[in-house]
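Trainee: My file is entry.cif. It has mmCIF, C-alpha atoms:
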```
data_my_file
loop_
_atom_site.group_PDB
_atom_site.id
_atom_site.type_symbol
_atom_site.label_atom_id
_atom_site.label_comp_id
_atom_site.auth_asym_id
_atom_site.auth_seq_id
_atom_site.Cartn_x
_atom_site.Cartn_y
_atom_site.Cartn_z
ATOM 1 C CA MET Y 1 -3.954 -33.498 22.482
ATOM 2 C CA THR Y 2 -7.549 -33.139 21.440
ATOM 3 C CA GLY Y 3 -7.100 -33.992 17.783
ATOM 4 C CA ARG Y 4 -8.474 -30.630 16.682
ATOM 5 C CA THR Y 5 -6.335 -28.423 14.505
ATOM 6 C CA ARG Y 6 -6.111 -24.722 14.979
ATOM 7 C CA LYS Y 7 -7.528 -22.833 12.025
ATOM 8 C CA ILE Y 8 -5.078 -20.409 10.462
ATOM 9 C CA PRO Y 9 -6.727 -16.996 10.012
ATOM 10 C CA ARG Y 10 -7.144 -15.815 6.457
ATOM 11 C CA ASP Y 11 -5.406 -12.678 5.329
ATOM 12 C CA ALA Y 12 -7.594 -9.637 4.713
ATOM 13 C CA VAL Y 13 -6.404 -9.714 1.093
ATOM 14 C CA HIS Y 14 -5.074 -12.735 -0.784
ATOM 15 C CA HIS Y 15 -3.929 -12.036 -4.344
ATOM 16 C CA PRO Y 16 -0.789 -14.129 -4.932
ATOM 17 C CA LEU Y 17 -0.760 -13.569 -8.709
ATOM 18 C CA PHE Y 18 -0.942 -9.791 -8.289
ATOM 19 C CA ALA Y 19 1.740 -9.961 -5.585
ATOM 20 C CA ARG Y 20 4.123 -11.887 -7.847
ATOM 21 C CA VAL Y 21 3.535 -9.504 -10.749
ATOM 22 C CA TYR Y 22 3.904 -6.404 -8.547
ATOM 23 C CA GLU Y 23 7.155 -7.688 -7.050
ATOM 24 C CA LYS Y 24 8.611 -7.986 -10.560
ATOM 25 C CA VAL Y 25 7.026 -4.970 -12.281
ATOM 26 C CA GLY Y 26 7.298 -2.465 -9.404
ATOM 27 C CA PRO Y 27 11.092 -2.060 -9.498
ATOM 28 C CA ILE Y 28 11.059 -1.905 -13.306
ATOM 29 C CA ALA Y 29 8.419 0.857 -13.230
ATOM 30 C CA ASP Y 30 10.450 2.705 -10.601
ATOM 31 C CA GLU Y 31 13.552 2.622 -12.764
ATOM 32 C CA ARG Y 32 12.290 2.831 -16.339
ATOM 33 C CA ALA Y 33 8.980 4.687 -16.040
ATOM 34 C CA GLY Y 34 10.062 7.300 -13.536
ATOM 35 C CA VAL Y 35 7.955 5.998 -10.658
ATOM 36 C CA GLY Y 36 10.979 6.035 -8.328
ATOM 37 C CA ALA Y 37 11.376 9.776 -8.932
ATOM 38 C CA ARG Y 38 7.700 10.274 -8.068
ATOM 39 C CA ARG Y 39 8.224 8.309 -4.835
ATOM 40 C CA ARG Y 40 11.179 10.546 -3.889
ATOM 41 C CA GLU Y 41 9.102 13.644 -4.618
ATOM 42 C CA LEU Y 42 6.178 12.265 -2.600
ATOM 43 C CA LEU Y 43 8.278 11.655 0.501
ATOM 44 C CA ALA Y 44 10.665 14.628 0.352
ATOM 45 C CA GLY Y 45 10.451 16.634 3.553
ATOM 46 C CA VAL Y 46 8.143 14.275 5.429
ATOM 47 C CA SER Y 47 8.999 13.926 9.121
ATOM 48 C CA GLY Y 48 7.909 12.395 12.423
ATOM 49 C CA ARG Y 49 5.736 9.301 12.707
ATOM 50 C CA VAL Y 50 4.320 8.132 9.368
ATOM 51 C CA ILE Y 51 1.662 5.573 8.478
ATOM 52 C CA GLU Y 52 1.694 4.119 4.971
ATOM 53 C CA ILE Y 53 -1.273 2.129 3.678
ATOM 54 C CA GLY Y 54 -0.837 -0.578 1.073
ATOM 55 C CA ALA Y 55 2.932 -0.629 1.432
ATOM 56 C CA GLY Y 56 3.209 -3.403 -1.146
ATOM 57 C CA SER Y 57 6.740 -4.735 -1.377
ATOM 58 C CA GLY Y 58 8.167 -1.682 0.392
ATOM 59 C CA LEU Y 59 9.338 0.316 -2.608
ATOM 60 C CA ASN Y 60 8.750 3.607 -0.761
ATOM 61 C CA PHE Y 61 10.933 2.671 2.222
ATOM 62 C CA ALA Y 62 14.224 3.653 0.569
ATOM 63 C CA HIS Y 63 12.879 7.163 -0.040
ATOM 64 C CA TYR Y 64 11.916 8.150 3.503
ATOM 65 C CA PRO Y 65 14.198 10.958 4.747
ATOM 66 C CA GLY Y 66 16.108 10.770 8.025
ATOM 67 C CA ALA Y 67 13.656 13.168 9.700
ATOM 68 C CA VAL Y 68 11.133 10.294 9.835
ATOM 69 C CA SER Y 69 11.227 8.740 13.302
ATOM 70 C CA GLU Y 70 9.094 5.692 12.399
ATOM 71 C CA VAL Y 71 7.037 4.282 9.547
ATOM 72 C CA VAL Y 72 4.129 1.974 10.296
ATOM 73 C CA ALA Y 73 3.534 0.217 6.986
ATOM 74 C CA ILE Y 74 0.162 -1.493 6.585
ATOM 75 C CA GLU Y 75 0.047 -4.310 4.006
ATOM 76 C CA PRO Y 76 -2.803 -6.835 3.846
ATOM 77 C CA GLU Y 77 -1.339 -9.247 1.260
ATOM 78 C CA ARG Y 78 0.954 -11.879 2.810
ATOM 79 C CA ARG Y 79 3.484 -12.249 -0.023
ATOM 80 C CA LEU Y 80 3.870 -8.485 -0.413
ATOM 81 C CA ARG Y 81 4.118 -8.110 3.365
ATOM 82 C CA GLN Y 82 7.031 -10.573 3.403
ATOM 83 C CA ALA Y 83 8.770 -8.574 0.664
ATOM 84 C CA ALA Y 84 8.092 -5.365 2.618
ATOM 85 C CA LEU Y 85 9.710 -6.893 5.714
ATOM 86 C CA GLN Y 86 12.888 -7.480 3.695
ATOM 87 C CA ALA Y 87 12.792 -3.913 2.365
ATOM 88 C CA ALA Y 88 12.237 -2.622 5.921
ATOM 89 C CA ARG Y 89 15.491 -4.257 7.035
ATOM 90 C CA ARG Y 90 17.349 -2.251 4.381
ATOM 91 C CA ALA Y 91 15.601 1.065 5.108
ATOM 92 C CA GLU Y 92 17.496 3.919 6.729
ATOM 93 C CA VAL Y 93 14.536 4.738 9.003
ATOM 94 C CA PRO Y 94 12.701 2.371 11.367
ATOM 95 C CA VAL Y 95 9.865 0.607 9.520
ATOM 96 C CA ASP Y 96 7.324 -1.647 11.212
ATOM 97 C CA VAL Y 97 5.384 -3.752 8.686
ATOM 98 C CA VAL Y 98 1.920 -4.647 9.987
ATOM 99 C CA PRO Y 99 -0.926 -6.725 8.546
ATOM 100 C CA GLY Y 100 -4.158 -4.829 8.124
ATOM 101 C CA ALA Y 101 -6.506 -3.153 5.697
ATOM 102 C CA ALA Y 102 -6.851 0.535 4.887
ATOM 103 C CA GLU Y 103 -10.530 0.458 5.798
ATOM 104 C CA ALA Y 104 -9.812 -0.486 9.443
ATOM 105 C CA LEU Y 105 -6.314 0.647 10.442
ATOM 106 C CA PRO Y 106 -5.012 -1.212 13.513
ATOM 107 C CA VAL Y 107 -3.601 1.927 15.177
ATOM 108 C CA LYS Y 108 -4.678 4.662 17.587
ATOM 109 C CA SER Y 109 -6.393 7.846 16.500
ATOM 110 C CA GLU Y 110 -4.326 11.002 15.988
ATOM 111 C CA ALA Y 111 -1.077 9.043 16.331
ATOM 112 C CA PHE Y 112 0.752 10.101 13.142
ATOM 113 C CA ASP Y 113 2.326 13.245 11.747
ATOM 114 C CA ALA Y 114 1.869 12.084 8.157
ATOM 115 C CA ALA Y 115 -0.061 9.464 6.203
ATOM 116 C CA VAL Y 116 1.052 8.080 2.844
ATOM 117 C CA SER Y 117 -1.087 6.465 0.159
ATOM 118 C CA SER Y 118 0.895 5.384 -2.873
ATOM 119 C CA LEU Y 119 -0.708 3.570 -5.814
ATOM 120 C CA VAL Y 120 -3.147 1.770 -3.536
ATOM 121 C CA LEU Y 121 -6.560 3.451 -3.621
ATOM 122 C CA CYS Y 122 -7.477 1.631 -6.838
ATOM 123 C CA SER Y 123 -7.271 -1.642 -4.926
ATOM 124 C CA VAL Y 124 -9.080 -0.916 -1.654
ATOM 125 C CA ARG Y 125 -12.649 -2.124 -1.212
ATOM 126 C CA ASP Y 126 -13.963 1.182 0.158
ATOM 127 C CA VAL Y 127 -12.065 4.344 -0.809
ATOM 128 C CA GLU Y 128 -14.167 6.703 1.350
ATOM 129 C CA ARG Y 129 -13.732 4.559 4.444
ATOM 130 C CA SER Y 130 -9.986 4.214 3.772
ATOM 131 C CA LEU Y 131 -9.578 7.990 3.495
ATOM 132 C CA ALA Y 132 -11.663 8.486 6.644
ATOM 133 C CA GLU Y 133 -9.336 6.086 8.457
ATOM 134 C CA LEU Y 134 -6.285 8.041 7.309
ATOM 135 C CA LEU Y 135 -7.860 11.239 8.617
ATOM 136 C CA ARG Y 136 -8.687 9.492 11.903
ATOM 137 C CA VAL Y 137 -5.086 8.440 12.548
ATOM 138 C CA LEU Y 138 -3.526 11.781 11.572
ATOM 139 C CA ARG Y 139 -2.844 14.226 14.390
ATOM 140 C CA PRO Y 140 -4.449 17.662 13.964
ATOM 141 C CA GLY Y 141 -2.383 19.527 11.366
ATOM 142 C CA GLY Y 142 -0.866 16.294 10.028
ATOM 143 C CA GLU Y 143 -0.163 15.745 6.336
ATOM 144 C CA LEU Y 144 -1.782 13.359 3.886
ATOM 145 C CA ARG Y 145 0.580 12.601 1.021
ATOM 146 C CA PHE Y 146 -0.651 10.590 -1.901
ATOM 147 C CA PHE Y 147 0.553 9.369 -5.268
ATOM 148 C CA GLU Y 148 -2.336 7.760 -7.110
ATOM 149 C CA HIS Y 149 -3.444 7.297 -10.677
ATOM 150 C CA GLY Y 150 -6.758 8.437 -12.065
ATOM 151 C CA ARG Y 151 -8.982 7.841 -15.012
ATOM 152 C CA ALA Y 152 -7.279 7.637 -18.378
ATOM 153 C CA PRO Y 153 -7.516 10.762 -20.545
ATOM 154 C CA GLY Y 154 -9.907 10.681 -23.491
ATOM 155 C CA ARG Y 155 -13.211 8.869 -23.953
ATOM 156 C CA VAL Y 156 -11.828 5.780 -25.684
ATOM 157 C CA GLN Y 157 -8.967 5.213 -23.220
ATOM 158 C CA ALA Y 158 -11.301 5.778 -20.249
ATOM 159 C CA ALA Y 159 -13.826 3.288 -21.674
ATOM 160 C CA VAL Y 160 -11.090 0.683 -22.176
ATOM 161 C CA GLN Y 161 -9.816 1.313 -18.651
ATOM 162 C CA ARG Y 162 -13.309 0.863 -17.157
ATOM 163 C CA ALA Y 163 -13.841 -2.354 -19.143
ATOM 164 C CA VAL Y 164 -10.502 -3.801 -18.015
ATOM 165 C CA ASP Y 165 -11.170 -2.696 -14.425
ATOM 166 C CA ARG Y 166 -14.469 -4.630 -14.442
ATOM 167 C CA THR Y 167 -13.345 -7.748 -16.285
ATOM 168 C CA VAL Y 168 -9.639 -8.505 -16.471
ATOM 169 C CA TRP Y 169 -8.223 -7.042 -13.238
ATOM 170 C CA PRO Y 170 -10.653 -8.732 -10.824
ATOM 171 C CA VAL Y 171 -9.983 -12.156 -12.381
ATOM 172 C CA LEU Y 172 -6.195 -11.810 -12.570
ATOM 173 C CA PHE Y 173 -5.467 -9.662 -9.538
#
```
Once more with this new file: its structure as structure tokens, please.

Mentor:
Amino acid sequence: MTGRTRKIPRDAVHHPLFARVYEKVGPIADERAGVGARRRELLAGVSGRVIEIGAGSGLNFAHYPGAVSEVVAIEPERRLRQAALQAARRAEVPVDVVPGAAEALPVKSEAFDAAVSSLVLCSVRDVERSLAELLRVLRPGGELRFFEHGRAPGRVQAAVQRAVDRTVWPVLF
């Protein structure tokens, strides 16, 4: 023994407070705010091999139809990835939960029939690069399915949203 310790690699994303909040709020939003219905709509009719970026705690997994042969779920945050692994065990389709970031997907080009982005683009460091990566891994003719939120309607709400995005969210999450 040399006395040196092996350094544990850092996760690409480490936001334990956000992860804890998302684990609690996600299922409530699915049930009470209709997000679960949006997830079902998003994934209806998808088939073949699917890549999902920012899988979070795996809330989409229960909505993948039987025509999906495999889901490769990319999740950079360790706590959420652990929750996604539990959700993957309960899924009716095979789900492989993989660490990684949307900006540099750890998969081959043109390997997927569909790509899914669900409530994640607001949190990636580089949206253009993330979308380019999704296009890279989709086979020709593949589908990009996304469920994202946008800017709040109205000047006042949009201004409040921008202020919170620049001040509160980065500190908390």

Trainee: Tell me, in Å to one decimal, how far CA of Gly54 (chain Y) is from CA of Ala87 (chain Y).

Mentor: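 It comes out at 14.1 Å.
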
Trainee: Contacts of Ser118 (chain Y) at 7 Å or less, counting all atoms listed in the file, minus same-chain residues fewer than 4 places along, as a PyMOL selection string?

Mentor: chain Y and resi 146-148

Trainee: The PyMOL selection byres ((chain Y and resi 71-78) around 8) - which residues does that actually catch in the file I just gave you? List them as a PyMOL selection string.

Mentor: chain Y and resi 11-16+19+49-56+68-70+79-82+93-102+105

Trainee: Suppose you want the space between CA of Val25 (chain Y) and CA of Glu92 (chain Y); what is it in Å?

Mentor: 23.5 Å

Trainee: Choose the residue, out of Y:Ala104, Y:Phe112, Y:Gly58, Y:His149, that has the smallest atom-to-atom separation from Arg129 (chain Y); count all atoms listed in the file.

Mentor: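 Nearest candidate to Arg129 (chain Y) out of Y:Ala104, Y:Phe112, Y:Gly58, Y:His149: Y:Ala104.
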
Trainee: Just how far from CA of Ala152 (chain Y) is CA of Ala44 (chain Y), in Å to one decimal?

Mentor: 26.9 Å

Trainee: I'd like to see the residues matched by the PyMOL selection byres ((chain Y and resi 38-43) around 7) on this file, and ideally I'd get them as a list of chain:residue names.

Mentor: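 When the PyMOL selection byres ((chain Y and resi 38-43) around 7) is applied, the selected residues are Y:Gly34, Y:Val35, Y:Gly36, Y:Ala37, Y:Ala44, Y:Gly45, Y:Val46, Y:Asn60, Y:His63, Y:Tyr64, Y:Arg145, Y:Phe147.
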
Trainee: Return the single residue from Y:Asp113, Y:Asp30, Y:Ser130, Y:Thr167 that is closest to Gly142 (chain Y), with distances computed using all atoms listed in the file.

Mentor: Y:Asp113

Trainee: Edge lengths and centre in Å to one decimal, as JSON, is what I'm after for the box along x, y and z that holds all listed atoms of region 102-116 of chain Y once 3 Å is added on each side.

Mentor:
```
{"center_x": -4.1, "center_y": 6.0, "center_z": 10.2, "size_x": 18.9, "size_y": 20.5, "size_z": 20.7}
```

Trainee: Taking into account only C-alpha atoms, which residue in the set Y:Leu144, Y:Ala84, Y:Ala132, Y:Leu59 is nearest to Ser117 (chain Y)?

Mentor: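 Closest to Ser117 (chain Y), using only C-alpha atoms: Y:Leu144.
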
Trainee: Will you model N, CA and C atoms for region 24-57 of chain Y and pass it back as a short mmCIF file (atom, residue, chain, number, x, y, z; two decimals), in the coordinates of the input?

Mentor:
```cif
data_model
loop_
_atom_site.label_atom_id
_atom_site.label_comp_id
_atom_site.auth_asym_id
_atom_site.auth_seq_id
_atom_site.Cartn_x
_atom_site.Cartn_y
_atom_site.Cartn_z
N LYS Y 24 7.74 -8.04 -9.38
CA LYS Y 24 8.61 -7.99 -10.56
C LYS Y 24 8.50 -6.64 -11.29
N VAL Y 25 7.27 -6.16 -11.47
CA VAL Y 25 7.03 -4.97 -12.28
C VAL Y 25 7.33 -3.68 -11.51
N GLY Y 26 7.09 -3.67 -10.21
CA GLY Y 26 7.30 -2.46 -9.40
C GLY Y 26 8.68 -1.85 -9.56
N PRO Y 27 9.75 -2.63 -9.34
CA PRO Y 27 11.09 -2.06 -9.50
C PRO Y 27 11.39 -1.61 -10.93
N ILE Y 28 10.85 -2.30 -11.91
CA ILE Y 28 11.06 -1.90 -13.31
C ILE Y 28 10.37 -0.56 -13.56
N ALA Y 29 9.14 -0.41 -13.07
CA ALA Y 29 8.42 0.86 -13.23
C ALA Y 29 9.15 1.98 -12.51
N ASP Y 30 9.70 1.69 -11.33
CA ASP Y 30 10.45 2.70 -10.60
C ASP Y 30 11.63 3.20 -11.42
N GLU Y 31 12.33 2.27 -12.04
CA GLU Y 31 13.55 2.62 -12.76
C GLU Y 31 13.27 3.17 -14.16
N ARG Y 32 12.46 2.49 -14.93
CA ARG Y 32 12.29 2.83 -16.34
C ARG Y 32 11.15 3.80 -16.62
N ALA Y 33 10.14 3.83 -15.77
CA ALA Y 33 8.98 4.69 -16.04
C ALA Y 33 8.94 5.91 -15.13
N GLY Y 34 9.99 6.11 -14.36
CA GLY Y 34 10.06 7.30 -13.54
C GLY Y 34 9.26 7.26 -12.24
N VAL Y 35 8.76 6.10 -11.88
CA VAL Y 35 7.96 6.00 -10.66
C VAL Y 35 8.82 6.24 -9.42
N GLY Y 36 10.07 5.80 -9.45
CA GLY Y 36 10.98 6.04 -8.33
C GLY Y 36 11.16 7.52 -8.05
N ALA Y 37 11.26 8.31 -9.10
CA ALA Y 37 11.38 9.78 -8.93
C ALA Y 37 10.12 10.35 -8.30
N ARG Y 38 8.97 9.82 -8.67
CA ARG Y 38 7.70 10.27 -8.07
C ARG Y 38 7.66 9.90 -6.58
N ARG Y 39 8.18 8.72 -6.25
CA ARG Y 39 8.22 8.31 -4.84
C ARG Y 39 9.12 9.27 -4.03
N ARG Y 40 10.28 9.60 -4.58
CA ARG Y 40 11.18 10.55 -3.89
C ARG Y 40 10.49 11.89 -3.67
N GLU Y 41 9.83 12.37 -4.71
CA GLU Y 41 9.10 13.64 -4.62
C GLU Y 41 7.99 13.57 -3.57
N LEU Y 42 7.27 12.47 -3.55
CA LEU Y 42 6.18 12.26 -2.60
C LEU Y 42 6.66 12.35 -1.15
N LEU Y 43 7.82 11.79 -0.88
CA LEU Y 43 8.28 11.66 0.50
C LEU Y 43 9.28 12.72 0.92
N ALA Y 44 9.71 13.57 0.01
CA ALA Y 44 10.66 14.63 0.35
C ALA Y 44 10.08 15.53 1.44
N GLY Y 45 10.85 15.73 2.49
CA GLY Y 45 10.45 16.63 3.55
C GLY Y 45 9.49 16.08 4.58
N VAL Y 46 9.04 14.86 4.43
CA VAL Y 46 8.14 14.28 5.43
C VAL Y 46 8.95 14.01 6.70
N SER Y 47 8.28 14.12 7.86
CA SER Y 47 9.00 13.93 9.12
C SER Y 47 8.07 13.36 10.19
N GLY Y 48 8.67 12.92 11.29
CA GLY Y 48 7.91 12.40 12.42
C GLY Y 48 7.45 10.97 12.21
N ARG Y 49 6.33 10.63 12.85
CA ARG Y 49 5.74 9.30 12.71
C ARG Y 49 4.87 9.29 11.46
N VAL Y 50 5.03 8.24 10.65
CA VAL Y 50 4.32 8.13 9.37
C VAL Y 50 3.59 6.80 9.31
N ILE Y 51 2.37 6.82 8.80
CA ILE Y 51 1.66 5.57 8.48
C ILE Y 51 1.54 5.51 6.97
N GLU Y 52 1.82 4.34 6.42
CA GLU Y 52 1.69 4.12 4.97
C GLU Y 52 0.73 2.97 4.75
N ILE Y 53 -0.33 3.21 3.98
CA ILE Y 53 -1.27 2.13 3.68
C ILE Y 53 -0.88 1.46 2.37
N GLY Y 54 -1.14 0.16 2.29
CA GLY Y 54 -0.84 -0.58 1.07
C GLY Y 54 0.62 -0.47 0.70
N ALA Y 55 1.49 -0.80 1.63
CA ALA Y 55 2.93 -0.63 1.43
C ALA Y 55 3.49 -1.52 0.34
N GLY Y 56 2.73 -2.51 -0.09
CA GLY Y 56 3.21 -3.40 -1.15
C GLY Y 56 4.50 -4.09 -0.74
N SER Y 57 5.45 -4.08 -1.64
CA SER Y 57 6.74 -4.74 -1.38
C SER Y 57 7.74 -3.79 -0.73
#
```
